[in-house]
Every structure is written in C-alpha cells, then in structure tokens.
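A.B. asks: Please find one structure pasted underneath; my questions will follow.
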Amino acid sequence: MDLLDKLNWRYAAKAMTGEKVSEEKMARILEAARLAPTSSGLQPFEIIVVKNQAIKEAIRPVAWNQSMITDCSHLLVFAAWDTYTEERINKMFDLTNEIRGFKNEGWEAYRQKLLSFYPQQDAEENFNHAAKQAYIAFSAAIIAAAYEEVDSTPIEGFEPEAVDKILGLREKGLRSTVLLPIGYRDTEKDWLVNLVKVRKSTEDLVTVIE
C-alpha cells in the first residue's frame, strides 16, 4: 500500500487486542513525531511513552474508561510545556548552535526577539500555543503508525489534571494535552472497524485561489 492507501486503512480503533507493537516500529513512530515541525523549532513538549500496565490501569478511569487505554501496546501522552521560559528558549537555541557548529547573527537576533516576547506573556496563553505544537507531532505519529500498519486512537476525552498527577507532569513544568494509544485493532469487539470512512469531499474541503 502507498501512503494514501494506508491513511484510508487507518481509523480511530475503538477496541484493541493487547498485542505488542515491536520496538522497531515504535521507534520509527516516535522518530516521525520528533521530526515534526514546530513554531521556531522550539519543540515545546515531551512525549511520555507508557508501557507500564499498572499506570495504564490508573489512567483508564480518568479517560472515560476507554478500553484502548489499557488494551493498547504503548500509550503515548503528549505533554506541552506549561509556559515558555528564558531557560527553555535558550536551551533550544544553544542546541541549534551546537549542532550546526556556528552562530548566525540573524538567528541570535531572533533568539532575542523570542526572549523579549514569550516569557512576558500570560502562562496560559503560552501553554495553549505549546499545545498546538504538540498536536503537530501528534498528527505525525498517527500518520507514521498508519504507515507501519499499526493502529492508533486519538483521545482528547480525559481529565488532564488527573493524568498530570498520575505521571507527575506538573512538577516537570508539563501539562498533558492529548493521548494516543498505539496497538492493534480488535476486529471482533470494535463496532467501528467495518464502517466506511466518512470525510468531506475535496471540493467541500479545499478552496484553490489561482
């Protein structure tokens, strides 16, 4: 299958078998998320990979009791920075300089521009911006999973504060934004598995301005 075939194959699995996804496939899915673009290249989030069954069991009740939470192979928790700080911004700019092996005057001027803007902004507004960046990586992970012929289920239906407490995220300056169980569909228990995918037509979705 080519990529579009695999995107047509994928859907949000409502039941999973518990079968384990290979670490090789998981590594490629996570690498796709790592390579996703983000605003100013700051990557203002972390991905928590939950393999521990007891922690999955603790999360399930605060995630609308959805079975995929406990029946998945790996539960990915995309956790955004709670705000932008000088330390966090400088760390990413310094990393860029280290990897590229030189300093660029324009890049350093851009660093100062961000430092003069984000740390002074409201923390909640900064978190909302960071969460949007996490969603970009989240989408990349979904596409990569489909490419690997692995199922995934985007989940926004959960209690973020409860998940944060279970995983100790607030102490790390992080807040959970979205969950992504990774695993394999249970074709016998999933009511959605045989239903036709429904999307808007290209004509309804896309406007071309010549």
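Residue numbers start at 1 in each chain; chains themselves are named A, B, ... in the order of the structure tokens; ligands are numbered from 1 in the order shown.
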Compile a residue-level contact table for stretch 118-208 of chain A against stretch 29-32 of chain A at a cut-off of 7 Å, reporting for every qualifying residue the shortest atom pair and its distance in Å to one decimal, with only C-alpha atoms counted, rows ordered by chain and ascending number, as a Markdown table.

C.D. replies:
```
| residue | atom | partner | partner_atom | distance |
| --- | --- | --- | --- | --- |
| A:Ala140 | CA | A:Ala32 | CA | 5.9 |
| A:Ala141 | CA | A:Ile29 | CA | 5.4 |
| A:Ala144 | CA | A:Ile29 | CA | 5.2 |
| A:Ala145 | CA | A:Ile29 | CA | 5.8 |
```

A.B. asks: Would you save the residues from that selection as an mmCIF file, in the first residue's frame, using N, CA, C and O atoms?

C.D. replies:
```cif
data_model
loop_
_atom_site.group_PDB
_atom_site.id
_atom_site.type_symbol
_atom_site.label_atom_id
_atom_site.label_comp_id
_atom_site.auth_asym_id
_atom_site.auth_seq_id
_atom_site.Cartn_x
_atom_site.Cartn_y
_atom_site.Cartn_z
ATOM 1 N N ALA A 140 1.804 13.663 13.230
ATOM 2 C CA ALA A 140 2.880 12.925 12.565
ATOM 3 C C ALA A 140 2.943 11.495 13.076
ATOM 4 O O ALA A 140 3.164 10.549 12.315
ATOM 5 N N ALA A 141 2.731 11.310 14.382
ATOM 6 C CA ALA A 141 2.756 9.967 14.960
ATOM 7 C C ALA A 141 1.608 9.113 14.421
ATOM 8 O O ALA A 141 1.783 7.921 14.145
ATOM 9 N N ALA A 144 2.525 8.134 10.881
ATOM 10 C CA ALA A 144 3.603 7.137 10.907
ATOM 11 C C ALA A 144 3.082 5.771 11.348
ATOM 12 O O ALA A 144 3.493 4.738 10.814
ATOM 13 N N ALA A 145 2.175 5.764 12.320
ATOM 14 C CA ALA A 145 1.591 4.495 12.768
ATOM 15 C C ALA A 145 0.843 3.822 11.622
ATOM 16 O O ALA A 145 0.975 2.612 11.401
#
```

A.B. asks: What are the DSSP strand (DSSP E) residues of stretch 5-129 of chain A, as a list in words?

C.D. replies: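 The residues of stretch 5-129 of chain A classed as strand (DSSP E) are Phe45, Glu46, Ile47, Ile48, Val49, Val50, His74, Leu75, Leu76, Val77, Phe78, Ala79, Ala80 and Trp81 of chain A.
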
A.B. asks: Give me, as an MDAnalysis selection string, all polymer residues having an atom no more than 10 Å from A:Glu188, counting only C-alpha atoms and skipping those fewer than 4 positions away in the same chain.

C.D. replies: chainID A and resid 15:17 193

A.B. asks: Give the helix (DSSP H, G or I) residues of stretch 59-197 of chain A, as assigned by DSSP on the backbone, as a PyMOL selection string.

C.D. replies: chain A and resi 59-62+68-71+86-100+105-115+118-120+123-147+160-167+170-172

A.B. asks: Determine the nearest neighbour of A:Asp94 from the options A:Val150, A:Lys20, A:Gln120, A:Trp107, counting only C-alpha atoms.

C.D. replies: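 Nearest candidate to A:Asp94 out of A:Val150, A:Lys20, A:Gln120, A:Trp107: A:Trp107.
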
A.B. asks: When you look at A:His129 with a cut-off of 12 Å (counting only C-alpha atoms), what residues show up, excluding the ones that are within fewer than 3 positions of it in the same chain? I need them as a ChimeraX atom specification.

C.D. replies: /A:38-40,42-45,80-84,118,121-126,132-136,177

A.B. asks: Return as JSON lines the residues of stretch 140-209 of chain A lying at most 9 Å from stretch 53-60 of chain A, together with the closest atom-to-atom pair for each and the distance in Å to one decimal, counting only C-alpha atoms, with rows in chain order and ascending residue number.

C.D. replies:
```
{"residue": "A:Phe158", "atom": "CA", "partner": "A:Arg60", "partner_atom": "CA", "distance": 8.6}
{"residue": "A:Ala162", "atom": "CA", "partner": "A:Ile59", "partner_atom": "CA", "distance": 8.0}
{"residue": "A:Val163", "atom": "CA", "partner": "A:Ile59", "partner_atom": "CA", "distance": 6.3}
{"residue": "A:Ile166", "atom": "CA", "partner": "A:Ile59", "partner_atom": "CA", "distance": 7.4}
{"residue": "A:Leu167", "atom": "CA", "partner": "A:Ile55", "partner_atom": "CA", "distance": 8.3}
```

A.B. asks: Using only C-alpha atoms, which residue out of A:Ala130, A:Ile99, A:Leu192, A:Ile89 lies closest to A:Lys113?

C.D. replies: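 Smallest distance to A:Lys113 is found for A:Ile89.
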
A.B. asks: Measuring between only C-alpha atoms, which one of A:Glu105, A:Tyr147, A:Glu203, A:Leu180 shows the shortest distance to A:Asp2?

C.D. replies: A:Tyr147
